[in-house]
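What's in entry_6.cif: mmCIF, C-alpha atoms and all ligand atoms
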```cif
data_structure
#
loop_
_atom_site.label_atom_id
_atom_site.label_comp_id
_atom_site.auth_asym_id
_atom_site.auth_seq_id
_atom_site.Cartn_x
_atom_site.Cartn_y
_atom_site.Cartn_z
CA MET H 2 12.14 -43.41 20.47
CA SER H 3 9.63 -40.86 21.79
CA PRO H 4 9.91 -40.28 25.57
CA LEU H 5 6.15 -40.86 25.61
CA ALA H 6 6.46 -44.48 24.43
CA HIS H 7 5.18 -46.98 27.04
CA ARG H 8 3.81 -44.14 29.21
CA ARG H 9 0.58 -44.96 30.99
CA PHE H 10 -2.50 -42.79 30.40
CA LEU H 11 -6.10 -42.65 31.55
CA LYS H 12 -8.95 -42.26 29.09
CA MET H 13 -11.71 -40.37 30.84
CA ASN H 14 -14.59 -38.11 29.95
CA GLY H 15 -16.38 -35.16 31.50
CA LEU H 16 -19.98 -35.25 30.23
CA GLY H 17 -18.78 -36.96 27.06
CA ASN H 18 -15.98 -34.41 26.49
CA GLU H 19 -13.19 -36.90 25.69
CA ILE H 20 -10.20 -36.45 27.96
CA VAL H 21 -6.83 -38.19 28.22
CA VAL H 22 -4.86 -37.67 31.44
CA LEU H 23 -1.09 -38.17 31.24
CA ASP H 24 1.24 -37.80 34.22
CA LEU H 25 4.69 -36.43 33.34
CA ARG H 26 5.55 -35.26 36.86
CA GLY H 27 9.09 -36.11 37.85
CA SER H 28 10.37 -35.72 34.28
CA ASP H 29 11.14 -32.77 32.06
CA VAL H 30 9.39 -34.35 29.07
CA ARG H 31 7.12 -31.97 27.15
CA VAL H 32 4.52 -33.24 24.68
CA GLN H 33 5.21 -32.03 21.15
CA PRO H 34 2.26 -30.98 18.97
CA ALA H 35 2.86 -33.87 16.52
CA GLU H 36 2.85 -36.34 19.44
CA ALA H 37 -0.44 -34.92 20.71
CA ARG H 38 -1.98 -35.32 17.25
CA ALA H 39 -0.73 -38.93 17.04
CA ILE H 40 -2.23 -39.77 20.45
CA ALA H 41 -5.56 -38.17 19.47
CA ALA H 42 -5.63 -40.12 16.22
CA ASP H 43 -5.45 -43.50 17.99
CA PRO H 44 -8.91 -44.87 18.90
CA ALA H 45 -7.66 -46.10 22.30
CA SER H 46 -6.47 -42.66 23.32
CA ARG H 47 -8.77 -40.43 21.29
CA PHE H 48 -9.28 -37.08 22.99
CA ASP H 49 -10.82 -33.67 22.61
CA GLN H 50 -8.30 -32.49 25.20
CA MET H 51 -5.26 -34.15 26.73
CA MET H 52 -4.43 -32.94 30.23
CA VAL H 53 -0.73 -33.37 31.02
CA LEU H 54 0.46 -33.16 34.62
CA HIS H 55 3.83 -31.53 35.25
CA ASP H 56 5.64 -30.79 38.50
CA PRO H 57 4.15 -27.83 40.40
CA VAL H 58 5.61 -24.42 39.59
CA THR H 59 4.03 -22.11 42.18
CA PRO H 60 4.55 -23.16 45.83
CA GLY H 61 1.34 -24.50 47.34
CA THR H 62 -0.03 -25.89 44.07
CA ASP H 63 -0.41 -29.62 43.44
CA ALA H 64 0.54 -29.75 39.74
CA PHE H 65 1.08 -27.63 36.66
CA VAL H 66 -1.27 -28.76 33.89
CA ARG H 67 -0.74 -28.32 30.16
CA ILE H 68 -3.77 -28.79 27.92
CA TYR H 69 -3.59 -30.00 24.31
CA ASN H 70 -6.36 -29.93 21.70
CA THR H 71 -6.84 -32.63 19.06
CA ASP H 72 -4.93 -30.52 16.52
CA GLY H 73 -1.88 -30.32 18.83
CA SER H 74 -2.47 -26.68 19.83
CA GLU H 75 -2.37 -25.75 23.51
CA ALA H 76 -5.40 -24.35 25.36
CA GLY H 77 -5.24 -22.16 28.44
CA ALA H 78 -8.23 -23.76 30.12
CA CYS H 79 -10.46 -26.83 30.04
CA GLY H 80 -13.22 -27.17 32.60
CA ASN H 81 -14.23 -30.79 31.97
CA GLY H 82 -10.61 -31.89 31.81
CA THR H 83 -9.80 -30.13 35.09
CA ARG H 84 -12.41 -32.24 36.88
CA CYS H 85 -10.90 -35.39 35.33
CA VAL H 86 -7.43 -34.35 36.51
CA ALA H 87 -8.79 -33.89 40.03
CA TRP H 88 -10.33 -37.38 40.02
CA ALA H 89 -7.08 -38.90 38.72
CA MET H 90 -4.89 -37.09 41.25
CA LEU H 91 -7.13 -38.14 44.13
CA ASP H 92 -8.23 -41.66 43.15
CA ASP H 93 -5.99 -43.23 40.50
CA PRO H 94 -3.61 -45.60 42.31
CA ALA H 95 -0.62 -44.53 40.17
CA MET H 96 -1.32 -40.79 40.16
CA ALA H 97 -2.64 -40.14 43.67
CA ARG H 98 0.04 -38.93 46.05
CA PRO H 99 -1.14 -38.91 49.62
CA PRO H 100 -1.82 -36.94 51.66
CA LEU H 101 -3.87 -34.87 49.22
CA GLY H 102 -7.19 -34.70 51.04
CA GLU H 103 -10.27 -33.89 48.98
CA ASN H 104 -9.26 -30.54 47.49
CA LEU H 105 -6.62 -29.56 44.97
CA LEU H 106 -4.97 -26.41 43.69
CA LEU H 107 -3.93 -26.74 40.05
CA GLU H 108 -1.99 -24.28 37.92
CA THR H 109 -2.43 -23.69 34.21
CA ARG H 110 -0.83 -21.04 31.98
CA PRO H 111 -3.49 -18.38 32.76
CA GLY H 112 -3.72 -19.02 36.50
CA LEU H 113 -4.76 -21.11 39.49
CA LEU H 114 -7.76 -23.44 39.67
CA ALA H 115 -9.10 -24.60 43.03
CA VAL H 116 -11.01 -27.87 42.86
CA VAL H 117 -13.35 -29.23 45.53
CA ARG H 118 -14.75 -32.75 45.53
CA VAL H 119 -18.52 -32.85 46.02
CA SER H 120 -19.09 -36.61 45.53
CA PRO H 121 -16.93 -39.59 44.50
CA VAL H 122 -17.16 -38.48 40.85
CA ASP H 123 -18.40 -34.85 40.97
CA PHE H 124 -16.18 -31.82 41.39
CA THR H 125 -16.58 -28.05 41.60
CA VAL H 126 -13.85 -26.05 39.91
CA ASP H 127 -13.28 -22.38 40.62
CA MET H 128 -12.62 -21.28 37.05
CA GLY H 129 -11.56 -17.78 38.15
CA ARG H 130 -12.75 -14.42 36.90
CA PRO H 131 -14.06 -14.00 33.37
CA ARG H 132 -12.00 -11.56 31.33
CA LEU H 133 -14.24 -9.22 29.40
CA ARG H 134 -12.01 -6.50 27.93
CA TRP H 135 -11.56 -6.79 24.17
CA ASP H 136 -7.77 -7.04 24.39
CA GLU H 137 -7.92 -9.70 27.14
CA ILE H 138 -10.20 -12.05 25.15
CA PRO H 139 -8.48 -11.23 22.72
CA LEU H 140 -10.30 -9.50 19.85
CA ALA H 141 -8.45 -7.96 16.93
CA GLU H 142 -10.13 -4.53 17.26
CA PRO H 143 -11.26 -2.39 20.17
CA PHE H 144 -14.85 -3.10 21.19
CA PRO H 145 -15.83 -0.95 24.19
CA ASP H 146 -18.73 -3.33 24.90
CA THR H 147 -18.04 -7.05 24.51
CA ARG H 148 -21.59 -8.06 25.51
CA ARG H 149 -22.40 -8.02 21.80
CA ILE H 150 -19.68 -7.70 19.20
CA GLU H 151 -20.16 -7.01 15.54
CA LEU H 152 -19.95 -10.34 13.77
CA GLN H 153 -22.52 -12.12 11.68
CA VAL H 154 -23.13 -15.13 9.50
CA GLY H 155 -25.53 -15.10 6.55
CA PRO H 156 -27.25 -12.34 4.55
CA ILE H 157 -26.41 -8.87 5.82
CA ASP H 158 -30.09 -7.89 6.29
CA ASP H 159 -31.20 -11.26 7.66
CA PRO H 160 -28.26 -12.92 9.41
CA VAL H 161 -28.52 -16.52 10.62
CA LEU H 162 -26.23 -15.79 13.57
CA HIS H 163 -25.12 -12.40 14.82
CA SER H 164 -23.76 -10.24 17.65
CA PRO H 165 -22.13 -12.82 19.94
CA GLY H 166 -20.95 -12.04 23.44
CA ALA H 167 -17.19 -12.40 23.81
CA VAL H 168 -15.65 -13.77 27.02
CA SER H 169 -12.31 -15.23 28.05
CA MET H 170 -12.34 -17.97 30.69
CA GLY H 171 -8.57 -18.36 30.26
CA ASN H 172 -9.44 -19.23 26.64
CA PRO H 173 -11.43 -17.23 24.08
CA HIS H 174 -15.16 -17.78 23.61
CA ALA H 175 -17.85 -16.28 21.38
CA VAL H 176 -21.44 -17.02 22.42
CA PHE H 177 -24.26 -16.54 19.92
CA PHE H 178 -27.72 -16.41 21.50
CA VAL H 179 -30.24 -18.18 19.27
CA GLU H 180 -34.02 -18.45 19.18
CA ARG H 181 -34.26 -22.02 17.91
CA ASP H 182 -32.79 -25.22 19.24
CA PRO H 183 -28.97 -25.12 18.78
CA ASP H 184 -29.21 -28.48 16.95
CA SER H 185 -31.18 -26.82 14.16
CA TYR H 186 -28.11 -24.82 13.08
CA ASP H 187 -25.28 -26.29 11.03
CA LEU H 188 -22.54 -25.60 13.57
CA ALA H 189 -20.19 -28.10 11.89
CA ARG H 190 -20.25 -25.84 8.84
CA VAL H 191 -20.09 -22.36 10.39
CA GLY H 192 -17.94 -23.37 13.40
CA PRO H 193 -14.63 -23.70 11.50
CA LEU H 194 -15.18 -20.37 9.72
CA LEU H 195 -16.02 -18.51 12.93
CA GLU H 196 -13.24 -20.21 14.92
CA CYS H 197 -10.71 -18.75 12.48
CA HIS H 198 -12.41 -15.39 11.83
CA PRO H 199 -9.86 -12.55 11.76
CA ILE H 200 -11.69 -10.83 14.65
CA PHE H 201 -10.20 -13.58 16.89
CA PRO H 202 -6.39 -13.35 16.63
CA ASP H 203 -5.98 -16.49 18.82
CA ARG H 204 -9.00 -18.19 17.21
CA ALA H 205 -12.02 -18.88 19.46
CA ASN H 206 -14.40 -21.50 20.80
CA ILE H 207 -17.82 -20.90 19.23
CA SER H 208 -21.08 -21.58 21.08
CA LEU H 209 -24.76 -21.47 20.24
CA ALA H 210 -26.83 -20.76 23.35
CA ARG H 211 -30.57 -20.92 23.73
CA VAL H 212 -31.88 -19.41 26.94
CA LEU H 213 -34.74 -21.64 28.10
CA ASP H 214 -35.43 -19.61 31.25
CA ARG H 215 -33.49 -17.42 33.70
CA GLY H 216 -31.86 -20.49 35.20
CA HIS H 217 -31.37 -22.76 32.21
CA ILE H 218 -29.34 -22.54 29.00
CA ARG H 219 -29.06 -25.08 26.20
CA LEU H 220 -25.62 -25.04 24.60
CA LYS H 221 -23.78 -26.51 21.66
CA VAL H 222 -20.08 -25.88 21.12
CA TRP H 223 -17.61 -25.89 18.28
CA GLU H 224 -14.27 -26.03 20.06
CA ARG H 225 -11.13 -24.33 18.87
CA GLY H 226 -8.67 -27.01 17.82
CA ALA H 227 -11.07 -29.89 18.51
CA GLY H 228 -14.35 -29.31 16.62
CA LEU H 229 -17.81 -30.36 17.81
CA THR H 230 -17.70 -31.86 21.31
CA ARG H 231 -20.34 -33.34 23.59
CA ALA H 232 -19.53 -30.80 26.30
CA CYS H 233 -17.24 -27.87 27.02
CA GLY H 234 -16.90 -26.59 30.58
CA THR H 235 -15.32 -23.24 29.83
CA ALA H 236 -17.97 -22.59 27.14
CA ALA H 237 -20.69 -23.29 29.71
CA CYS H 238 -19.06 -20.71 32.02
CA ALA H 239 -18.69 -18.21 29.16
CA ALA H 240 -22.34 -18.71 28.13
CA LEU H 241 -23.62 -18.04 31.65
CA VAL H 242 -21.45 -14.93 31.95
CA ALA H 243 -22.52 -13.65 28.51
CA ALA H 244 -26.20 -14.33 29.31
CA ALA H 245 -26.09 -12.75 32.77
CA ARG H 246 -24.36 -9.64 31.36
CA LEU H 247 -27.30 -9.21 28.99
CA ARG H 248 -29.75 -9.90 31.87
CA LEU H 249 -31.07 -12.91 29.96
CA THR H 250 -30.43 -15.17 32.97
CA ASP H 251 -29.56 -14.88 36.64
CA ARG H 252 -25.93 -15.37 37.70
CA GLU H 253 -26.58 -19.03 38.36
CA ALA H 254 -27.84 -21.57 35.83
CA THR H 255 -27.89 -25.14 34.63
CA VAL H 256 -26.22 -25.44 31.25
CA THR H 257 -27.42 -28.43 29.23
CA LEU H 258 -24.92 -29.68 26.66
CA PRO H 259 -25.31 -32.70 24.35
CA GLY H 260 -23.45 -34.77 27.02
CA GLY H 261 -25.52 -33.56 29.98
CA ASP H 262 -25.76 -30.80 32.58
CA LEU H 263 -23.25 -28.52 34.27
CA ARG H 264 -24.13 -26.22 37.13
CA ILE H 265 -22.54 -22.78 36.72
CA VAL H 266 -22.48 -19.99 39.32
CA TRP H 267 -20.98 -16.53 38.72
CA GLY H 268 -20.41 -15.44 42.31
CA GLU H 269 -20.49 -11.96 43.84
CA ASP H 270 -16.69 -12.33 44.13
CA ASP H 271 -16.62 -12.40 40.29
CA HIS H 272 -15.40 -16.02 40.25
CA VAL H 273 -17.20 -18.54 38.05
CA ARG H 274 -17.68 -21.99 39.61
CA MET H 275 -18.55 -25.05 37.58
CA THR H 276 -19.85 -28.33 39.00
CA GLY H 277 -20.07 -31.55 37.04
CA PRO H 278 -19.13 -35.23 36.78
CA THR H 279 -16.15 -37.29 35.66
CA GLU H 280 -15.96 -40.81 34.32
CA LEU H 281 -13.03 -43.19 33.93
CA GLU H 282 -13.28 -45.24 30.72
CA HIS H 283 -10.04 -47.23 30.67
CA GLU H 284 -6.31 -46.99 31.10
CA GLY H 285 -3.65 -47.82 28.57
CA THR H 286 -0.03 -47.29 27.54
CA PHE H 287 1.21 -45.54 24.41
CA ALA H 288 2.65 -47.99 21.89
CA PRO H 289 6.04 -46.77 20.58
CA SER H 290 4.77 -47.22 17.00
CA LEU H 291 2.20 -44.46 17.67
CA PHE H 292 4.97 -41.88 17.46
CA GLU H 293 6.90 -43.21 14.48
CA ALA H 294 5.22 -40.86 12.04
CA ALA H 295 5.40 -38.01 14.57
CA ALA H 296 9.20 -38.28 15.03
N1 LIG M 301 -13.44 -28.81 26.50
C1 LIG M 301 -12.83 -27.79 27.29
C2 LIG M 301 -12.43 -26.55 26.61
C3 LIG M 301 -11.34 -26.72 25.62
C4 LIG M 301 -11.00 -25.42 25.02
C5 LIG M 301 -10.14 -25.55 23.84
N2 LIG M 301 -10.82 -26.12 22.70
C6 LIG M 301 -9.47 -24.24 23.50
O1 LIG M 301 -9.71 -23.21 24.15
O2 LIG M 301 -8.67 -24.26 22.57
C7 LIG M 301 -13.64 -27.44 28.49
O3 LIG M 301 -14.29 -28.31 29.04
O4 LIG M 301 -13.58 -26.30 28.96
#
```

Output the file's structure in the form of structure tokens.
Amino acid sequence: MSPLAHRRFLKMNGLGNEIVVLDLRGSDVRVQPAEARAIAADPASRFDQMMVLHDPVTPGTDAFVRIYNTDGSEAGACGNGTRCVAWAMLDDPAMARPPLGENLLLETRPGLLAVVRVSPVDFTVDMGRPRLRWDEIPLAEPFPDTRRIELQVGPIDDPVLHSPGAVSMGNPHAVFFVERDPDSYDLARVGPLLECHPIFPDRANISLARVLDRGHIRLKVWERGAGLTRACGTAACAALVAAARLRLTDREATVTLPGGDLRIVWGEDDHVRMTGPTELEHEGTFAPSLFEAAA
């Protein structure tokens, strides 16, 4: 039987980005990709990302978090999920371990994330420094300037989408700036092709960004390993960074996603901070039968 059978989980969301939080602290159980896919396929535990808590690795941190996409792949970062983890670790009766106070320091594969509570359900996450060098994103070829990379969709002399900014927020992002409303593009069709374009050796999250004014961006995201989502925190950070590098916006903006608004600030210390809400939907336990096909 899978070691995940009968485990309790929380189904949450961050601006409609569907998140499952699973606490595996105190065990050495690791979620296998097939198990993640089985959990995502069940309507009760459907997720865009599953955030799995493990025992802390670095002294002074509160947990090590592994992040799984719908397709079972692991992601280095997830902004909306990080806020959900913070809520769970502070407020869920089974996950909260006093005395935690109101702030947390979480660790993910690419680094540390400091989280500050700003209301019962809103959190600010320090998402760290954006990585902008081509080989850090990573891109398959050297681009001295990642503010606009050579990549286009559509006819060569009249492309539909072209020259995205490339940014890593602990995970790879390409941000296409568009003139029309992002909903008027068929992102469900071009997203999968761009996600897997050979220029992105680790694949990439693909965003369409419309700058409404210097403090406001409208964004739609095709997520690597998860597809179209209602919100993506790291993409909102990447979009603000890409826009500010091109002087299209200031270093502080509201990013409006289909699920709602995130406030993003790229500070003078080079750290990007994201503020937004969390919502608990329900809790549940994984039925053993969920994993039969995954065994
Ligand atoms: N929804 C997440 C991002 C998931 C990124 C993931 N799709 C990947 O990098 O593989 C967020 O709020 O930042």

Centre and edges of the region 116-119 of chain H box, axis-aligned, 4 Å extra per side, as JSON:
```
{"center_x": -14.8, "center_y": -30.4, "center_z": 44.4, "size_x": 15.5, "size_y": 13.0, "size_z": 11.2}
```

Length of the CA of Leu258 (chain H) to CA of Ala39 (chain H) vector [Å]: 27.6 Å

For ligand LIG 301 (chain M), collect every residue having any atom at a distance of at most 7 Å from a ligand atom (counting only C-alpha atoms and all ligand atoms); output as a VMD selection string. chain H and resid 18 49 to 50 70 75 to 82 172 to 173 205 to 206 224 to 227 232 to 236

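Between Gly228 (chain H) and the residues H:Arg98, H:Met275, H:Pro289, H:Thr71, the shortest atom-to-atom distance, using all atoms listed in the file, involves H:Thr71.
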
The residue from H:Pro183, H:Pro139, H:Gly73, H:Pro165 with the smallest atom-to-atom distance to Val212 (chain H), counting all atoms listed in the file, is H:Pro183

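In terms of minimum interatomic distance to Asp251 (chain H), H:His217 ranks closest within H:Arg211, H:Arg204, H:Arg148, H:His217, counting only C-alpha atoms.
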
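All polymer residues at most 9 Å from (-2.4, -44.3, 30.5), using only C-alpha atoms, appear as H:His7, H:Arg8, H:Arg9, H:Phe10, H:Leu11, H:Lys12, H:Val21, H:Val22, H:Leu23, H:Asp24, H:Ser46, H:His283, H:Glu284, H:Gly285, H:Thr286, H:Phe287.
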
I'd like the neighbourhood of Ser185 (chain H) as a list in words, where a residue qualifies if any of its atoms comes within 12 Å (using only C-alpha atoms), though same-chain residues fewer than 6 positions away should be ignored. Val161, Val179, Leu209, Ala210, Arg211, Leu220 and Lys221 of chain H

Neighbour list for region 85-93 of chain H as a PyMOL selection string, cut-off 8 Å, all atoms listed in the file, skip fewer than 6 positions in-chain: chain H and resi 13-15+20+22+52+101-103+105+116+122+124+279-280

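Note that the spacing between CA of Ile150 (chain H) and CA of Leu195 (chain H) amounts to 13.0 Å.
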
Which is closest to Ala175 (chain H) among H:Ser120, H:Arg130, H:Ile218, H:Leu241, if we use only C-alpha atoms? H:Leu241

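Remark: for Arg84 (chain H), the closest of the candidate residues H:Ala244, H:Ala42, H:Met128, H:Leu5 is H:Met128 (distances computed over only C-alpha atoms).
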
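Distances here use all atoms listed in the file; by that measure, the residue among H:Glu142, H:Asp56, H:Asp123, H:Glu36 closest to Pro199 (chain H) is H:Glu142.
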
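Take CA of Arg67 (chain H) and CA of Pro4 (chain H): the distance between them is 16.7 Å.
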
Counting all atoms listed in the file, write as an NGL selection string all protein and nucleic acid residues lying at most 8 Å from (-1.0, -46.9, 18.3) in the file's frame. :H and (40 or 43 or 45 or 287-292)
